Amino acid sequence: MRSVISEDLYQFELPSNPILSPNGKQVVYEKTIARETTNDYETHLWLSDVDGKTERVLTTLGTRNLNAVWAPDGKTIAYLSNQSCGTQLWMHSLDDDEARMVTRFRSSMGSIIFAPDGKSIFATVSVKRQGHVEVLEENHSVSELEQQIASDYVTWKNSPKRINELHYKLDGTGLQKELYMTIVEIDINSGSYEQLIDEKYAVLEHTVSPDGKKIAFTAITTKDANPLFAGELYTVPTIGGDVEMLYSRFPVSGLTYSTDGKWISFFSGNGDVIHKQLFVMSSEGGEVNCLSEQYPDTLADLSYTDMRYIRTPAKPQWSKDNQFIYALSTHQGTNEVVRFSLAKDCSPTTVVGGKRTIFHFTFDGEDTIVAAYSSGNHPGKVAAIRFSEEDYVARKLRKPTDELPIVEEAFPIEEIRLDTCNEELLTKIVVVEPEEFSYSSVDGWKIQGFLLKPANRTPGEKYPLFLDIHGGPHSMHAFTYFLQMQLLSAQGFAVMYTNPRGSSGFGEEFTKSVQGDYGGKDMQDILNGVDEVIKRYDFIDGTRVAVNGLSYGGFMTNWLIAHTDRFYAAVSEGCISNWVSMYGTSDICPGFLDNEFAGQTEMETLWKLSPLAYVDNVQTPLLLMHAEEDLRCPIEQAEQFYSHIKRQGKEVEFLRFPNSSHSMLQNGQPKNRITRIDAIKQWVSEHLEK
């Protein structure tokens, strides 16, 4: 077997978003690969039986085939595809294995849901303010229509843009057109459509009631609300009519109806945008009940990895008897499926969990879950998992000072593999299994860490240490394959990563503790982790430690090298150096900083907590890497830090990535991702010799 190389990025197959058929016998899921010749990605739909005996590709045209939904009779799969005329709604008949395009919308589509009678689809489509859904002109060839779409974009891009809203840009998509998402009903045979709501409501997500009479949706109605933080809950009759508000106290997401239509479940932070909990209310409105008060962790996928191309938020899913709701949750470096009961005397229990990171699941309503997941030694697979009460595990509330129990092996043990993703590649490359450890830090808090040993370690030899700091700060290092970590292990580094306070998966107090204290006890947690691994593993050379971090991790890297000379080399990516300018330039600000800094966002405080204020102290050789189209942490953050260090005559380099956003780690152009990884390896390896 050989060591992994950066070009293996082109060999990985990344499955996601499995969806069970109505009879529970088949699963459709997405599989994404990186393409070297075109420097992009291709996503197709695959179909598998839940017994794992058959598997076949469903789509072969286009490069983005997403968001599949089953017709109620299980004979047709609808999905969004860019096969022709931009992204449109397509139908694939399983009877004759033929696909056809249904819509001809001029602008983008969002999510799609079948009506219970199977005759129409409710979709979100973007429209202009004070306008209506537009369609492409008739009697034109496909090439003419695609030129029309391209011309629309060029015209908009090269036109002046007059802005009067607080949130006018979004990382990954750029400056926002004056559009909003509305809900339309589409006849699946004719393609005709009807717009159901007016422009007052900028729709974020929607779902249809089991009887087909109502649509529940979330939307923002105030001009300066940030759509990233979810919206208010409304319903509208599917035949059209008045919109009714059901809930507006706090932003909500993840709407689902119970199978009998009597209840709506959703996620909300109860005023906090970080720690998500599960709520349920009558579908007619009224009292809202929290079902997750006794569950310690947040209900979201917050795992941190470079092997996830598409993240589709997993909504809560109901049992057929309407007594239980199943939701995806973080927990101590894992993502698990947790069962919540509508009965007050029934505690939440994990039904599928252990040492793996589930990033999407689909539920048959009884005892089988199909999950797409990764583990420390596998980039991604799809499996059918049957569970029973003997497998259930209760996750109890714990104090940050309580001992961290070792995470269990994946459970239930038995599962049926439904795909073959990555199997051939994994027979050829060396994969190092991460080792979990825990240690005590400031205030006696227990912190989780992971270590990858050098891939080809020789007994008696000493090896340098590479420290990686995750973003967020509320994401979480997890039991998941991480290409960058494996590559550095293959390069001869011991690789460590930790979940300092502020990370998700360790309780609400732990997650929120960093708010108002960036660069304080979180920094000590990280440094104490370095001390721990040096003490714990005798093959690590504690005099040769390099550090890398992205986003919040880039902030922390800058902060560390401005406050200590402990590291021989540093790589800071997508960083923050100046909170003052970040407050006014990031797509998630000012709201994000108002929350994270506990309302203390006056200039003096923002500057005091900025690494740039201490830039004169930097002695560590630094490589700054930044995507030029990053709107989450704009590139001016790196430019400022670079210029001040360079002016002082200290060692710093700046690597800029064109055509890339803040999410370059997961979905940047493949060549940029490979250049990025190779640059990290080169920087920390070359400085070992100095």
# chains A, B, ... in the order shown; residues from 1 in each chain; ligands from 1
>>> select_by_dssp(residues="stretch 208-299 of chain A", states="strand (DSSP E)", output="PyMOL selection string")
chain A and resi 208+214-220+231-237+244-257+263-268+277-282+288-290
>>> closest_residue(among="A:Tyr41, A:Trp318, A:Trp607, A:Phe506", to="A:Thr330", atoms="only C-alpha atoms")
A:Phe506
>>> residues_around(residues="A:Lys355", least_positions_apart="2", cutoff="10 Å", atoms="only C-alpha atoms", output="number ranges by chain")
A: 332-336, 353, 357-358, 374-376, 406-411, 478-480
>>> atom_distance(atom1="atom CA of A:Gln486", atom2="atom CA of A:Ala455")
8.1 Å
>>> residues_around(residues="A:Gly24", least_positions_apart="3", cutoff="7 Å", atoms="only C-alpha atoms", output="list in words")
Leu20, Ser21 and Asp364 of chain A
>>> residues_around(residues="A:Pro237", least_positions_apart="2", cutoff="7 Å", atoms="only C-alpha atoms", output="VMD selection string")
chain A and resid 213 to 215 235 239 to 241
>>> write_last_selection(atoms="N, CA, C and O atoms", output="mmCIF file, in the first residue's frame")
data_model
loop_
_atom_site.group_PDB
_atom_site.id
_atom_site.type_symbol
_atom_site.label_atom_id
_atom_site.label_comp_id
_atom_site.auth_asym_id
_atom_site.auth_seq_id
_atom_site.Cartn_x
_atom_site.Cartn_y
_atom_site.Cartn_z
ATOM 1 N N LYS A 213 -53.437 20.196 2.088
ATOM 2 C CA LYS A 213 -54.239 21.404 2.149
ATOM 3 C C LYS A 213 -53.447 22.651 2.533
ATOM 4 O O LYS A 213 -53.870 23.767 2.238
ATOM 5 N N LYS A 214 -52.306 22.462 3.209
ATOM 6 C CA LYS A 214 -51.537 23.621 3.659
ATOM 7 C C LYS A 214 -50.042 23.433 3.406
ATOM 8 O O LYS A 214 -49.535 22.312 3.367
ATOM 9 N N ILE A 215 -49.376 24.561 3.277
ATOM 10 C CA ILE A 215 -47.920 24.587 3.230
ATOM 11 C C ILE A 215 -47.437 25.375 4.433
ATOM 12 O O ILE A 215 -47.910 26.495 4.688
ATOM 13 N N THR A 235 -48.107 29.572 7.594
ATOM 14 C CA THR A 235 -48.785 28.594 6.753
ATOM 15 C C THR A 235 -49.620 29.334 5.717
ATOM 16 O O THR A 235 -50.025 30.487 5.928
ATOM 17 N N ILE A 239 -54.381 26.003 -2.061
ATOM 18 C CA ILE A 239 -55.227 26.537 -3.125
ATOM 19 C C ILE A 239 -55.093 28.050 -3.211
ATOM 20 O O ILE A 239 -55.755 28.700 -4.032
ATOM 21 N N GLY A 240 -54.208 28.607 -2.388
ATOM 22 C CA GLY A 240 -54.040 30.047 -2.335
ATOM 23 C C GLY A 240 -54.933 30.645 -1.268
ATOM 24 O O GLY A 240 -55.910 30.047 -0.831
ATOM 25 N N GLY A 241 -54.569 31.827 -0.815
ATOM 26 C CA GLY A 241 -55.359 32.473 0.230
ATOM 27 C C GLY A 241 -54.477 33.225 1.186
ATOM 28 O O GLY A 241 -53.308 33.538 0.890
#
>>> atom_distance(atom1="atom CA of A:Pro72", atom2="atom CA of A:Ile113")
10.5 Å
>>> residues_around(residues="A:Trp46", least_positions_apart="5", cutoff="10 Å", atoms="only C-alpha atoms", output="PyMOL selection string")
chain A and resi 15+18+27-31+55-60+419
>>> write_last_selection(atoms="N, CA, C and O atoms", output="mmCIF file, in the first residue's frame")
data_model
loop_
_atom_site.group_PDB
_atom_site.id
_atom_site.type_symbol
_atom_site.label_atom_id
_atom_site.label_comp_id
_atom_site.auth_asym_id
_atom_site.auth_seq_id
_atom_site.Cartn_x
_atom_site.Cartn_y
_atom_site.Cartn_z
ATOM 1 N N PRO A 15 -20.661 10.404 -1.013
ATOM 2 C CA PRO A 15 -22.117 10.211 -1.036
ATOM 3 C C PRO A 15 -22.810 11.142 -0.043
ATOM 4 O O PRO A 15 -22.234 11.532 0.976
ATOM 5 N N PRO A 18 -29.249 10.645 1.317
ATOM 6 C CA PRO A 18 -30.097 9.498 0.976
ATOM 7 C C PRO A 18 -31.561 9.773 1.301
ATOM 8 O O PRO A 18 -31.875 10.401 2.313
ATOM 9 N N VAL A 27 -33.566 3.382 -2.010
ATOM 10 C CA VAL A 27 -32.958 4.634 -1.562
ATOM 11 C C VAL A 27 -32.325 5.322 -2.766
ATOM 12 O O VAL A 27 -31.622 4.685 -3.558
ATOM 13 N N VAL A 28 -32.584 6.612 -2.913
ATOM 14 C CA VAL A 28 -31.865 7.415 -3.886
ATOM 15 C C VAL A 28 -30.921 8.326 -3.119
ATOM 16 O O VAL A 28 -31.270 8.850 -2.062
ATOM 17 N N TYR A 29 -29.698 8.468 -3.604
ATOM 18 C CA TYR A 29 -28.735 9.333 -2.927
ATOM 19 C C TYR A 29 -27.835 10.009 -3.948
ATOM 20 O O TYR A 29 -27.814 9.644 -5.137
ATOM 21 N N GLU A 30 -27.104 11.030 -3.499
ATOM 22 C CA GLU A 30 -26.204 11.792 -4.360
ATOM 23 C C GLU A 30 -24.773 11.292 -4.187
ATOM 24 O O GLU A 30 -24.351 10.949 -3.075
ATOM 25 N N LYS A 31 -24.032 11.275 -5.288
ATOM 26 C CA LYS A 31 -22.611 10.928 -5.228
ATOM 27 C C LYS A 31 -21.830 11.989 -6.012
ATOM 28 O O LYS A 31 -22.131 12.251 -7.174
ATOM 29 N N GLU A 55 -27.527 -1.813 -7.147
ATOM 30 C CA GLU A 55 -27.164 -0.399 -7.123
ATOM 31 C C GLU A 55 -26.921 0.041 -8.563
ATOM 32 O O GLU A 55 -26.297 -0.672 -9.339
ATOM 33 N N ARG A 56 -27.442 1.212 -8.921
ATOM 34 C CA ARG A 56 -27.198 1.711 -10.276
ATOM 35 C C ARG A 56 -27.251 3.227 -10.288
ATOM 36 O O ARG A 56 -27.891 3.852 -9.425
ATOM 37 N N VAL A 57 -26.590 3.807 -11.274
ATOM 38 C CA VAL A 57 -26.630 5.247 -11.435
ATOM 39 C C VAL A 57 -27.943 5.626 -12.099
ATOM 40 O O VAL A 57 -28.427 4.943 -13.007
ATOM 41 N N LEU A 58 -28.545 6.709 -11.648
ATOM 42 C CA LEU A 58 -29.846 7.129 -12.151
ATOM 43 C C LEU A 58 -29.711 8.257 -13.173
ATOM 44 O O LEU A 58 -30.454 8.317 -14.149
ATOM 45 N N THR A 59 -28.779 9.177 -12.938
ATOM 46 C CA THR A 59 -28.581 10.302 -13.862
ATOM 47 C C THR A 59 -27.191 10.205 -14.482
ATOM 48 O O THR A 59 -26.234 9.799 -13.825
ATOM 49 N N THR A 60 -27.105 10.608 -15.733
ATOM 50 C CA THR A 60 -25.808 10.579 -16.429
ATOM 51 C C THR A 60 -25.493 11.899 -17.101
ATOM 52 O O THR A 60 -24.362 12.107 -17.542
ATOM 53 N N ASP A 419 -23.708 1.110 -0.918
ATOM 54 C CA ASP A 419 -22.889 1.725 -1.957
ATOM 55 C C ASP A 419 -21.514 1.075 -1.979
ATOM 56 O O ASP A 419 -21.197 0.234 -1.121
#
>>> select_by_dssp(residues="stretch 113-330 of chain A", states="alpha helix (DSSP H)", output="PyMOL selection string")
chain A and resi 142-157
>>> write_last_selection(atoms="all heavy atoms", output="compact mmCIF listing (two decimals), in the first residue's frame")
# COMPACT_ATOMS: atom_id res chain seq x y z
N VAL A 142 -32.00 25.13 -27.16
CA VAL A 142 -31.39 25.07 -25.84
C VAL A 142 -30.19 25.99 -25.77
O VAL A 142 -29.99 26.72 -24.78
CB VAL A 142 -30.98 23.62 -25.51
CG1 VAL A 142 -30.12 23.59 -24.24
CG2 VAL A 142 -32.21 22.75 -25.32
N SER A 143 -29.36 26.00 -26.80
CA SER A 143 -28.17 26.85 -26.80
C SER A 143 -28.55 28.33 -26.74
O SER A 143 -27.90 29.13 -26.05
CB SER A 143 -27.30 26.58 -28.03
OG SER A 143 -28.02 26.86 -29.22
N GLU A 144 -29.63 28.71 -27.44
CA GLU A 144 -30.08 30.10 -27.40
C GLU A 144 -30.58 30.47 -26.01
O GLU A 144 -30.32 31.57 -25.51
CB GLU A 144 -31.19 30.32 -28.43
CG GLU A 144 -30.70 30.31 -29.87
CD GLU A 144 -31.84 30.36 -30.86
OE1 GLU A 144 -32.96 29.89 -30.52
OE2 GLU A 144 -31.64 30.87 -31.97
N LEU A 145 -31.30 29.56 -25.38
CA LEU A 145 -31.81 29.82 -24.04
C LEU A 145 -30.68 29.94 -23.02
O LEU A 145 -30.70 30.80 -22.14
CB LEU A 145 -32.79 28.73 -23.63
CG LEU A 145 -34.11 28.69 -24.40
CD1 LEU A 145 -34.92 27.47 -24.00
CD2 LEU A 145 -34.91 29.96 -24.19
N GLU A 146 -29.68 29.07 -23.14
CA GLU A 146 -28.56 29.13 -22.22
C GLU A 146 -27.74 30.40 -22.43
O GLU A 146 -27.21 30.97 -21.47
CB GLU A 146 -27.71 27.87 -22.37
CG GLU A 146 -28.43 26.63 -21.84
CD GLU A 146 -27.63 25.35 -21.95
OE1 GLU A 146 -26.64 25.33 -22.72
OE2 GLU A 146 -27.99 24.37 -21.26
N GLN A 147 -27.65 30.86 -23.67
CA GLN A 147 -27.00 32.14 -23.93
C GLN A 147 -27.79 33.28 -23.30
O GLN A 147 -27.23 34.25 -22.79
CB GLN A 147 -26.86 32.35 -25.43
CG GLN A 147 -25.80 31.48 -26.09
CD GLN A 147 -25.75 31.67 -27.60
OE1 GLN A 147 -26.40 32.58 -28.14
NE2 GLN A 147 -24.99 30.84 -28.28
N GLN A 148 -29.11 33.14 -23.32
CA GLN A 148 -29.99 34.13 -22.71
C GLN A 148 -29.75 34.21 -21.21
O GLN A 148 -29.64 35.30 -20.63
CB GLN A 148 -31.44 33.74 -23.01
CG GLN A 148 -32.47 34.79 -22.67
CD GLN A 148 -33.86 34.29 -23.03
OE1 GLN A 148 -34.63 33.90 -22.14
NE2 GLN A 148 -34.18 34.27 -24.31
N ILE A 149 -29.64 33.04 -20.56
CA ILE A 149 -29.37 32.99 -19.12
C ILE A 149 -28.02 33.60 -18.81
O ILE A 149 -27.87 34.40 -17.87
CB ILE A 149 -29.45 31.54 -18.62
CG1 ILE A 149 -30.87 30.99 -18.76
CG2 ILE A 149 -28.99 31.44 -17.17
CD1 ILE A 149 -30.99 29.51 -18.51
N ALA A 150 -27.01 33.23 -19.62
CA ALA A 150 -25.67 33.77 -19.41
C ALA A 150 -25.65 35.28 -19.62
O ALA A 150 -24.98 36.02 -18.88
CB ALA A 150 -24.68 33.09 -20.35
N SER A 151 -26.40 35.75 -20.62
CA SER A 151 -26.44 37.18 -20.90
C SER A 151 -27.09 37.95 -19.75
O SER A 151 -26.64 39.04 -19.39
CB SER A 151 -27.22 37.43 -22.19
OG SER A 151 -27.36 38.81 -22.45
N ASP A 152 -28.14 37.36 -19.17
CA ASP A 152 -28.78 37.98 -18.01
C ASP A 152 -27.77 38.20 -16.89
O ASP A 152 -27.74 39.27 -16.25
CB ASP A 152 -29.92 37.10 -17.49
CG ASP A 152 -31.13 37.10 -18.41
OD1 ASP A 152 -31.19 37.95 -19.31
OD2 ASP A 152 -32.00 36.23 -18.23
N TYR A 153 -26.94 37.18 -16.64
CA TYR A 153 -25.97 37.27 -15.55
C TYR A 153 -24.90 38.32 -15.84
O TYR A 153 -24.56 39.13 -14.97
CB TYR A 153 -25.31 35.92 -15.30
CG TYR A 153 -24.21 35.97 -14.27
CD1 TYR A 153 -24.51 36.12 -12.91
CD2 TYR A 153 -22.87 35.93 -14.64
CE1 TYR A 153 -23.51 36.21 -11.96
CE2 TYR A 153 -21.86 36.02 -13.70
CZ TYR A 153 -22.19 36.16 -12.36
OH TYR A 153 -21.19 36.26 -11.43
N VAL A 154 -24.39 38.32 -17.07
CA VAL A 154 -23.34 39.29 -17.43
C VAL A 154 -23.87 40.71 -17.32
O VAL A 154 -23.19 41.61 -16.81
CB VAL A 154 -22.82 39.00 -18.85
CG1 VAL A 154 -21.90 40.13 -19.32
CG2 VAL A 154 -22.08 37.67 -18.89
N THR A 155 -25.10 40.91 -17.79
CA THR A 155 -25.70 42.24 -17.71
C THR A 155 -25.80 42.69 -16.26
O THR A 155 -25.46 43.84 -15.92
CB THR A 155 -27.10 42.23 -18.35
OG1 THR A 155 -26.97 41.88 -19.73
CG2 THR A 155 -27.76 43.60 -18.23
N TRP A 156 -26.29 41.78 -15.40
CA TRP A 156 -26.41 42.14 -13.98
C TRP A 156 -25.04 42.40 -13.36
O TRP A 156 -24.85 43.39 -12.64
CB TRP A 156 -27.11 41.02 -13.22
CG TRP A 156 -27.14 41.27 -11.74
CD1 TRP A 156 -28.02 42.04 -11.05
CD2 TRP A 156 -26.21 40.76 -10.77
NE1 TRP A 156 -27.70 42.05 -9.71
CE2 TRP A 156 -26.59 41.28 -9.51
CE3 TRP A 156 -25.10 39.93 -10.85
CZ2 TRP A 156 -25.90 40.97 -8.35
CZ3 TRP A 156 -24.40 39.63 -9.68
CH2 TRP A 156 -24.81 40.15 -8.45
N LYS A 157 -24.07 41.53 -13.64
CA LYS A 157 -22.74 41.65 -13.03
C LYS A 157 -22.08 42.96 -13.39
O LYS A 157 -21.39 43.58 -12.56
CB LYS A 157 -21.87 40.47 -13.47
CG LYS A 157 -20.49 40.46 -12.83
CD LYS A 157 -19.67 39.25 -13.27
CE LYS A 157 -18.30 39.25 -12.62
NZ LYS A 157 -17.49 38.08 -13.05
>>> residues_around(residues="A:Gly110", least_positions_apart="5", cutoff="9 Å", atoms="only C-alpha atoms", output="MDAnalysis selection string")
chainID A and resid 67 80 123:126 181 204:205
>>> closest_residue(among="A:Asp8, A:Asp242, A:Glu232, A:Asp40", to="A:Pro670", atoms="only C-alpha atoms")
A:Asp40
>>> atom_distance(atom1="atom CA of A:Met91", atom2="atom CA of A:Val135")
18.4 Å
>>> closest_residue(among="A:Asn226, A:Asn377, A:Gln484, A:Asn499", to="A:Phe450", atoms="only C-alpha atoms")
A:Asn499
>>> closest_residue(among="A:Gln448, A:Gln619, A:Ser572, A:Asn39", to="A:Asn659", atoms="only C-alpha atoms")
A:Asn39
>>> closest_residue(among="A:Phe654, A:Phe493, A:Trp263, A:Tyr201", to="A:Asn322", atoms="only C-alpha atoms")
A:Trp263
